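Novice: First the structure, which I've put down as structure tokens, then a few questions once you've had a look.
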Amino acid sequence: MKKIFIKTFGCQMNEYDTNRIYDTVRNIGYIKTNDHLNADCYLLNTCHIRDKSKEKVFDEIGRVRKNYKNKKKPIVIVAGCVAQAESGEMVKREPYIDIIIGPQSYHKINRIIENFNFKNKRELTEFDTEEKFNYLDKIRNNDSNVSSFLTIQEGCDKFCNFCVVPYTRGPEFSRPFEKIIKEAESLIKNGAKELTLLGQNVNAYLYKDGDKIYKLSNLILELDKITELKRIRYTTSHPRDMTEDLIKCYSSSKKLMPFVHLPIQSGSDKILKLMNRNHKVEKYLEIHRMIKEINNDVEFSSDFIIGYPGEMDSDFNDTMELVKNIKFINSYSFIFSPRPGTPASRLKPIDKEIAKERLINIQELLEDYQIKKNQSLIGKSIEVLVENKLRNQDKYFGRNAFLNSVIFEGAKKYIGKLVDIKISKTNRNTLFGKIDEKKNMRAA
């Protein structure tokens, strides 16, 4: 058997794709290895969302070349969104790369590897989303994690002016309803107790089968019926697709977690228009109000782009006021970074020092709300899904309903179970505690 090592960058969808690549290449005699120094195939699954993603790939290729200087060269593959967006330059700049393959061409990877020789470089960047999933649906998903990802939708038709996803992942595509349920059942049989439904615009999921129309809400309510499944999540959403039927799931579903990650990017209507987000702050606040009215336990997190071209002090202040209004937890904020080929890349950037100062201010505010939320849990028992034992420690790891990490002393028998943990201390990102024996009888 040959060995393949995959280094994954970026989003949860890339993690899902990596697992499916492992499942795929097993059929041509490749097994997964965690030893990056001894692989027959070395694959980088790349992400183009963050700053300097292309340079990070070249840096990584340099390290691979150095590590294999006195060894047999592995087949070096660059996959994912950087491969899709930057394929022409990558081939010219880095001859150590053997294969470039975009995220919608993974169904061809076995044939490409089997027929590869080091004299001929290969480049596959077509958008074959439907063909890809038709192929992957025939291959068993062997993910055996307690918390597993499940892609239900790919691509984007929104064309936000700052975003590369429509160019790297292609148009919106929704997988067949029954195929998703079948894969979910397989993951649950493997031991999954929590499923996170993934999509670039996951709440835009829409699948038509004759006269029947299936939406994200239908998927959630169908998964809700599976006894062995304990938790349901989904990410990432767009405010334009937060429909009433989906909002109602926060009342009707017993397993949908009370946590909404809903990126707004800015609290200024002017900036939202410049971003081509096609919604206003008022719409976002209405979604927040509707969800809180039917389930006041729901918490929100978001993404914020700071220093977008044209952002004035008044626009930034509007964003700060929105944060104060909703009191987001677990949110992300970044200084605007132009992506080649996007409309925003042609705009005049604002002063870097001003952008940095604004970023510090909003991150301090977001961190304050996260800390206050965590501190409110000290002394309380919270329900935690136990995922695994920490490496080299006699402690266990799980997450609460709001995706916070929870670390506690426990036992192997609790893995895969919902356990009540009494919280004793916390930092911004992690809660610490011990098993609440009185409330924990059901998990023993």
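Letters for chains follow the order of the structure tokens (A, B, ...), residue numbers begin at 1 for each chain, and ligand numbers begin at 1 in the order shown.
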As a list of chain:residue names, please: all residues of range 88-138 of chain A that backbone DSSP puts in helix (DSSP H, G or I).

Specialist: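 In range 88-138 of chain A, DSSP puts these residues in helix (DSSP H, G or I): A:Gly88, A:Glu89, A:Met90, A:Val91, A:Lys92, A:Arg93, A:Tyr106, A:His107, A:Lys108, A:Ile109, A:Asn110, A:Arg111, A:Ile112, A:Ile113, A:Glu114, A:Thr129, A:Glu130, A:Glu131, A:Lys132, A:Phe133, A:Asn134, A:Tyr135, A:Leu136.
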
Novice: Can you write just those residues out, N, CA and C atoms, as a short mmCIF file (atom, residue, chain, number, x, y, z; two decimals), in the first residue's frame?

Specialist:
```
data_model
loop_
_atom_site.label_atom_id
_atom_site.label_comp_id
_atom_site.auth_asym_id
_atom_site.auth_seq_id
_atom_site.Cartn_x
_atom_site.Cartn_y
_atom_site.Cartn_z
N GLY A 88 -2.66 28.87 -13.14
CA GLY A 88 -1.69 29.25 -14.16
C GLY A 88 -0.38 29.73 -13.58
N GLU A 89 -0.43 30.60 -12.58
CA GLU A 89 0.79 31.13 -11.97
C GLU A 89 1.53 30.05 -11.19
N MET A 90 0.78 29.14 -10.54
CA MET A 90 1.43 28.12 -9.71
C MET A 90 2.28 27.18 -10.56
N VAL A 91 1.77 26.80 -11.71
CA VAL A 91 2.52 25.89 -12.59
C VAL A 91 3.82 26.54 -13.05
N LYS A 92 3.75 27.83 -13.39
CA LYS A 92 4.94 28.53 -13.88
C LYS A 92 5.95 28.77 -12.77
N ARG A 93 5.45 29.11 -11.59
CA ARG A 93 6.34 29.55 -10.50
C ARG A 93 6.97 28.40 -9.73
N TYR A 106 -12.49 16.58 -7.81
CA TYR A 106 -11.92 15.53 -6.97
C TYR A 106 -12.32 14.13 -7.43
N HIS A 107 -13.39 14.02 -8.17
CA HIS A 107 -13.82 12.70 -8.64
C HIS A 107 -12.85 12.13 -9.68
N LYS A 108 -11.96 12.97 -10.18
CA LYS A 108 -10.99 12.52 -11.19
C LYS A 108 -9.63 12.19 -10.60
N ILE A 109 -9.49 12.35 -9.29
CA ILE A 109 -8.16 12.27 -8.69
C ILE A 109 -7.53 10.89 -8.81
N ASN A 110 -8.33 9.82 -8.71
CA ASN A 110 -7.76 8.47 -8.82
C ASN A 110 -7.15 8.24 -10.19
N ARG A 111 -7.88 8.62 -11.21
CA ARG A 111 -7.39 8.41 -12.58
C ARG A 111 -6.13 9.23 -12.84
N ILE A 112 -6.12 10.46 -12.31
CA ILE A 112 -4.97 11.33 -12.52
C ILE A 112 -3.72 10.76 -11.83
N ILE A 113 -3.88 10.30 -10.59
CA ILE A 113 -2.74 9.75 -9.86
C ILE A 113 -2.23 8.47 -10.52
N GLU A 114 -3.16 7.59 -10.89
CA GLU A 114 -2.75 6.31 -11.49
C GLU A 114 -2.00 6.50 -12.81
N THR A 129 -19.46 19.98 -10.51
CA THR A 129 -19.96 19.71 -9.16
C THR A 129 -20.91 18.52 -9.13
N GLU A 130 -21.85 18.48 -10.04
CA GLU A 130 -22.83 17.38 -10.04
C GLU A 130 -22.15 16.05 -10.29
N GLU A 131 -21.25 16.01 -11.27
CA GLU A 131 -20.52 14.78 -11.57
C GLU A 131 -19.68 14.34 -10.38
N LYS A 132 -19.07 15.33 -9.70
CA LYS A 132 -18.25 15.01 -8.52
C LYS A 132 -19.08 14.31 -7.46
N PHE A 133 -20.24 14.88 -7.13
CA PHE A 133 -21.05 14.28 -6.06
C PHE A 133 -21.67 12.96 -6.49
N ASN A 134 -22.00 12.82 -7.77
CA ASN A 134 -22.50 11.52 -8.24
C ASN A 134 -21.44 10.44 -8.03
N TYR A 135 -20.19 10.81 -8.23
CA TYR A 135 -19.08 9.87 -8.01
C TYR A 135 -18.89 9.59 -6.53
N LEU A 136 -18.83 10.64 -5.72
CA LEU A 136 -18.57 10.47 -4.29
C LEU A 136 -19.70 9.74 -3.58
#
```

Novice: For Glu228 in chain A, please output as a ChimeraX atom specification all residues within 10 Å (counting only C-alpha atoms; exclusion window: fewer than 2 positions along the same chain).

Specialist: /A:185,188-189,191-194,223-226,230-231

Novice: Taking C-alpha atoms for each residue, export the selection above as a CSV table (one decimal), in the first residue's frame.

Specialist:
```csv
chain,number,residue,atom,x,y,z
A,185,GLU,CA,-27.2,7.6,8.2
A,188,ILE,CA,-24.3,8.0,12.3
A,189,LYS,CA,-23.7,4.3,11.9
A,191,GLY,CA,-20.5,6.7,15.5
A,192,ALA,CA,-21.4,10.4,14.7
A,193,LYS,CA,-23.7,11.9,17.3
A,194,GLU,CA,-23.5,15.4,15.9
A,223,LEU,CA,-32.5,14.3,10.6
A,224,ASP,CA,-34.3,15.2,13.8
A,225,LYS,CA,-36.1,11.9,13.6
A,226,ILE,CA,-32.9,9.8,13.8
A,230,LYS,CA,-28.1,14.0,19.2
A,231,ARG,CA,-27.1,17.4,17.7
```

Novice: Taking only C-alpha atoms into account, name the residue in A:Thr46, A:Thr243, A:Asn142, A:Asn404 that is nearest to Tyr22 in chain A.

Specialist: A:Asn142

Novice: Mind listing the strand (DSSP E or B) residues of range 205-374 of chain A, per DSSP on the backbone, as a PyMOL selection string?

Specialist: chain A and resi 206-209+212-215+231-235+256+259-261+265+299-301+303-306+332-335

Novice: For Lys32 in chain A, please output as a list of chain:residue names all residues within 9 Å (counting only C-alpha atoms; exclusion window: fewer than 3 positions along the same chain).

Specialist: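 Once the adjacent positions are removed, what remains is A:Lys2, A:Lys3, A:Ile4, A:Phe5, A:Ile6, A:Tyr22, A:Arg26.
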
Novice: With distances taken over only C-alpha atoms, which of A:Leu403, A:Cys160, A:Ile371, A:Ile326 is nearest to Met275 in chain A?

Specialist: A:Cys160

Novice: Excluding His261 in chain A and its own-chain neighbours fewer than 5 positions away, which residues fall within 10 Å of it when counting only C-alpha atoms? Please give them as a PyMOL selection string.

Specialist: chain A and resi 233-238+299-303+328-331+402

Novice: Excluding His279 in chain A and residues on its chain fewer than 5 positions from it, collect all residues at most 10 Å away from it, counting only C-alpha atoms, and give them as an NGL selection string.

Specialist: :A and (238-240 or 264 or 269 or 272-273 or 284)

Novice: Would you mind telling me which residue in A:Ser381, A:Ser144, A:Ser405, A:Gln363 lies nearest to Asn440 in chain A when using only C-alpha atoms?

Specialist: A:Ser381

Novice: So, with only C-alpha atoms as the atoms that count, which of A:Ser174, A:Thr227, A:Arg20, A:Thr342 lies closest to Ala85 in chain A?

Specialist: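 For Ala85 in chain A, the nearest of the given residues is A:Thr342.
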
Novice: Quick one: residues within 9 Å of range 53-61 of chain A, only C-alpha atoms, excluding same-chain residues fewer than 2 positions away - as a PyMOL selection string?

Specialist: chain A and resi 9+44+46-51+63-66+76+78+82-83+86+90+93-94+96-97

Novice: Deliver the residues from the most recent selection as a file, using N, CA and C atoms, as a PDB file, in the first residue's frame.

Specialist:
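Written file, result-v6.pdb:
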```pdb
ATOM      1  N   PHE A   9      -5.959  23.304   4.779  1.00  0.00           N
ATOM      2  CA  PHE A   9      -6.032  24.704   5.185  1.00  0.00           C
ATOM      3  C   PHE A   9      -7.501  25.146   5.173  1.00  0.00           C
ATOM      4  N   LEU A  44      -1.786  19.249  -0.709  1.00  0.00           N
ATOM      5  CA  LEU A  44      -2.179  20.446   0.030  1.00  0.00           C
ATOM      6  C   LEU A  44      -3.593  20.814  -0.396  1.00  0.00           C
ATOM      7  N   THR A  46      -6.107  23.546  -0.193  1.00  0.00           N
ATOM      8  CA  THR A  46      -5.898  24.962   0.090  1.00  0.00           C
ATOM      9  C   THR A  46      -7.186  25.766   0.198  1.00  0.00           C
ATOM     10  N   CYS A  47      -7.059  26.931   0.838  1.00  0.00           N
ATOM     11  CA  CYS A  47      -8.180  27.852   1.036  1.00  0.00           C
ATOM     12  C   CYS A  47      -7.757  29.236   0.562  1.00  0.00           C
ATOM     13  N   HIS A  48      -8.659  29.953  -0.116  1.00  0.00           N
ATOM     14  CA  HIS A  48      -8.325  31.256  -0.677  1.00  0.00           C
ATOM     15  C   HIS A  48      -9.007  32.406   0.062  1.00  0.00           C
ATOM     16  N   ILE A  49      -9.606  32.139   1.206  1.00  0.00           N
ATOM     17  CA  ILE A  49     -10.362  33.171   1.907  1.00  0.00           C
ATOM     18  C   ILE A  49      -9.435  34.121   2.664  1.00  0.00           C
ATOM     19  N   ARG A  50      -8.460  33.590   3.342  1.00  0.00           N
ATOM     20  CA  ARG A  50      -7.611  34.407   4.208  1.00  0.00           C
ATOM     21  C   ARG A  50      -6.484  35.093   3.436  1.00  0.00           C
ATOM     22  N   ASP A  51      -5.860  36.043   4.103  1.00  0.00           N
ATOM     23  CA  ASP A  51      -4.781  36.829   3.515  1.00  0.00           C
ATOM     24  C   ASP A  51      -3.548  35.960   3.239  1.00  0.00           C
ATOM     25  N   ARG A  63       9.018  23.796   1.917  1.00  0.00           N
ATOM     26  CA  ARG A  63       9.350  22.882   3.021  1.00  0.00           C
ATOM     27  C   ARG A  63       9.313  21.426   2.562  1.00  0.00           C
ATOM     28  N   VAL A  64       8.352  21.097   1.713  1.00  0.00           N
ATOM     29  CA  VAL A  64       8.263  19.723   1.199  1.00  0.00           C
ATOM     30  C   VAL A  64       9.510  19.401   0.380  1.00  0.00           C
ATOM     31  N   ARG A  65       9.896  20.329  -0.493  1.00  0.00           N
ATOM     32  CA  ARG A  65      11.090  20.107  -1.317  1.00  0.00           C
ATOM     33  C   ARG A  65      12.319  19.874  -0.445  1.00  0.00           C
ATOM     34  N   LYS A  66      12.456  20.654   0.612  1.00  0.00           N
ATOM     35  CA  LYS A  66      13.600  20.518   1.522  1.00  0.00           C
ATOM     36  C   LYS A  66      13.566  19.183   2.247  1.00  0.00           C
ATOM     37  N   VAL A  76       3.330  15.517  -5.771  1.00  0.00           N
ATOM     38  CA  VAL A  76       2.904  16.718  -5.044  1.00  0.00           C
ATOM     39  C   VAL A  76       1.669  17.305  -5.725  1.00  0.00           C
ATOM     40  N   VAL A  78      -1.506  20.137  -5.446  1.00  0.00           N
ATOM     41  CA  VAL A  78      -2.159  21.291  -4.826  1.00  0.00           C
ATOM     42  C   VAL A  78      -3.621  21.253  -5.238  1.00  0.00           C
ATOM     43  N   VAL A  82      -7.223  27.733  -3.786  1.00  0.00           N
ATOM     44  CA  VAL A  82      -6.044  28.411  -4.336  1.00  0.00           C
ATOM     45  C   VAL A  82      -5.659  27.753  -5.659  1.00  0.00           C
ATOM     46  N   ALA A  83      -5.744  26.451  -5.726  1.00  0.00           N
ATOM     47  CA  ALA A  83      -5.451  25.737  -6.973  1.00  0.00           C
ATOM     48  C   ALA A  83      -6.379  26.200  -8.089  1.00  0.00           C
ATOM     49  N   GLU A  86      -5.507  30.158  -8.822  1.00  0.00           N
ATOM     50  CA  GLU A  86      -4.136  30.569  -9.157  1.00  0.00           C
ATOM     51  C   GLU A  86      -3.387  29.525  -9.970  1.00  0.00           C
ATOM     52  N   MET A  90       0.784  29.140 -10.544  1.00  0.00           N
ATOM     53  CA  MET A  90       1.429  28.120  -9.709  1.00  0.00           C
ATOM     54  C   MET A  90       2.280  27.182 -10.557  1.00  0.00           C
ATOM     55  N   ARG A  93       5.454  29.108 -11.586  1.00  0.00           N
ATOM     56  CA  ARG A  93       6.339  29.552 -10.502  1.00  0.00           C
ATOM     57  C   ARG A  93       6.972  28.400  -9.731  1.00  0.00           C
ATOM     58  N   GLU A  94       6.268  27.278  -9.614  1.00  0.00           N
ATOM     59  CA  GLU A  94       6.767  26.196  -8.758  1.00  0.00           C
ATOM     60  C   GLU A  94       6.746  24.860  -9.496  1.00  0.00           C
ATOM     61  N   TYR A  96       8.019  22.151  -8.716  1.00  0.00           N
ATOM     62  CA  TYR A  96       7.955  20.983  -7.825  1.00  0.00           C
ATOM     63  C   TYR A  96       6.523  20.448  -7.724  1.00  0.00           C
ATOM     64  N   ILE A  97       5.539  21.291  -8.082  1.00  0.00           N
ATOM     65  CA  ILE A  97       4.137  20.854  -8.078  1.00  0.00           C
ATOM     66  C   ILE A  97       3.899  19.963  -9.290  1.00  0.00           C
TER      67      ILE A  97
END
```

Novice: Just give me the gap between CA of Glu183 in chain A and CA of Tyr250 in chain A in Å, one decimal is fine.

Specialist: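 Those two atoms sit 23.6 Å apart.
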
Novice: Pick from A:Gln393, A:Ile28, A:Lys255, A:Phe408: nearest to Asn115 in chain A, with only C-alpha atoms counted?

Specialist: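 That would be A:Ile28, the residue with the smallest distance to Asn115 in chain A.
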
Novice: Find the distance between CA of Glu126 in chain A and CA of Asn34 in chain A and write it in Å to one decimal.

Specialist: 29.6 Å

Novice: Could you list, as a list in words, every residue within 8 Å of Ile220 in chain A, counting only C-alpha atoms and ignoring same-chain residues fewer than 4 positions away?

Specialist: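 In the requested form, the answer reads Leu216, Asp224, Ile232, Cys249, Ser253 and Leu256 of chain A.
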
Novice: Name the closest residue to Pro349 in chain A among the candidates A:Tyr308, A:Tyr167, A:Tyr42, A:Tyr369; distances are taken between atoms, counting only C-alpha atoms.

Specialist: A:Tyr308
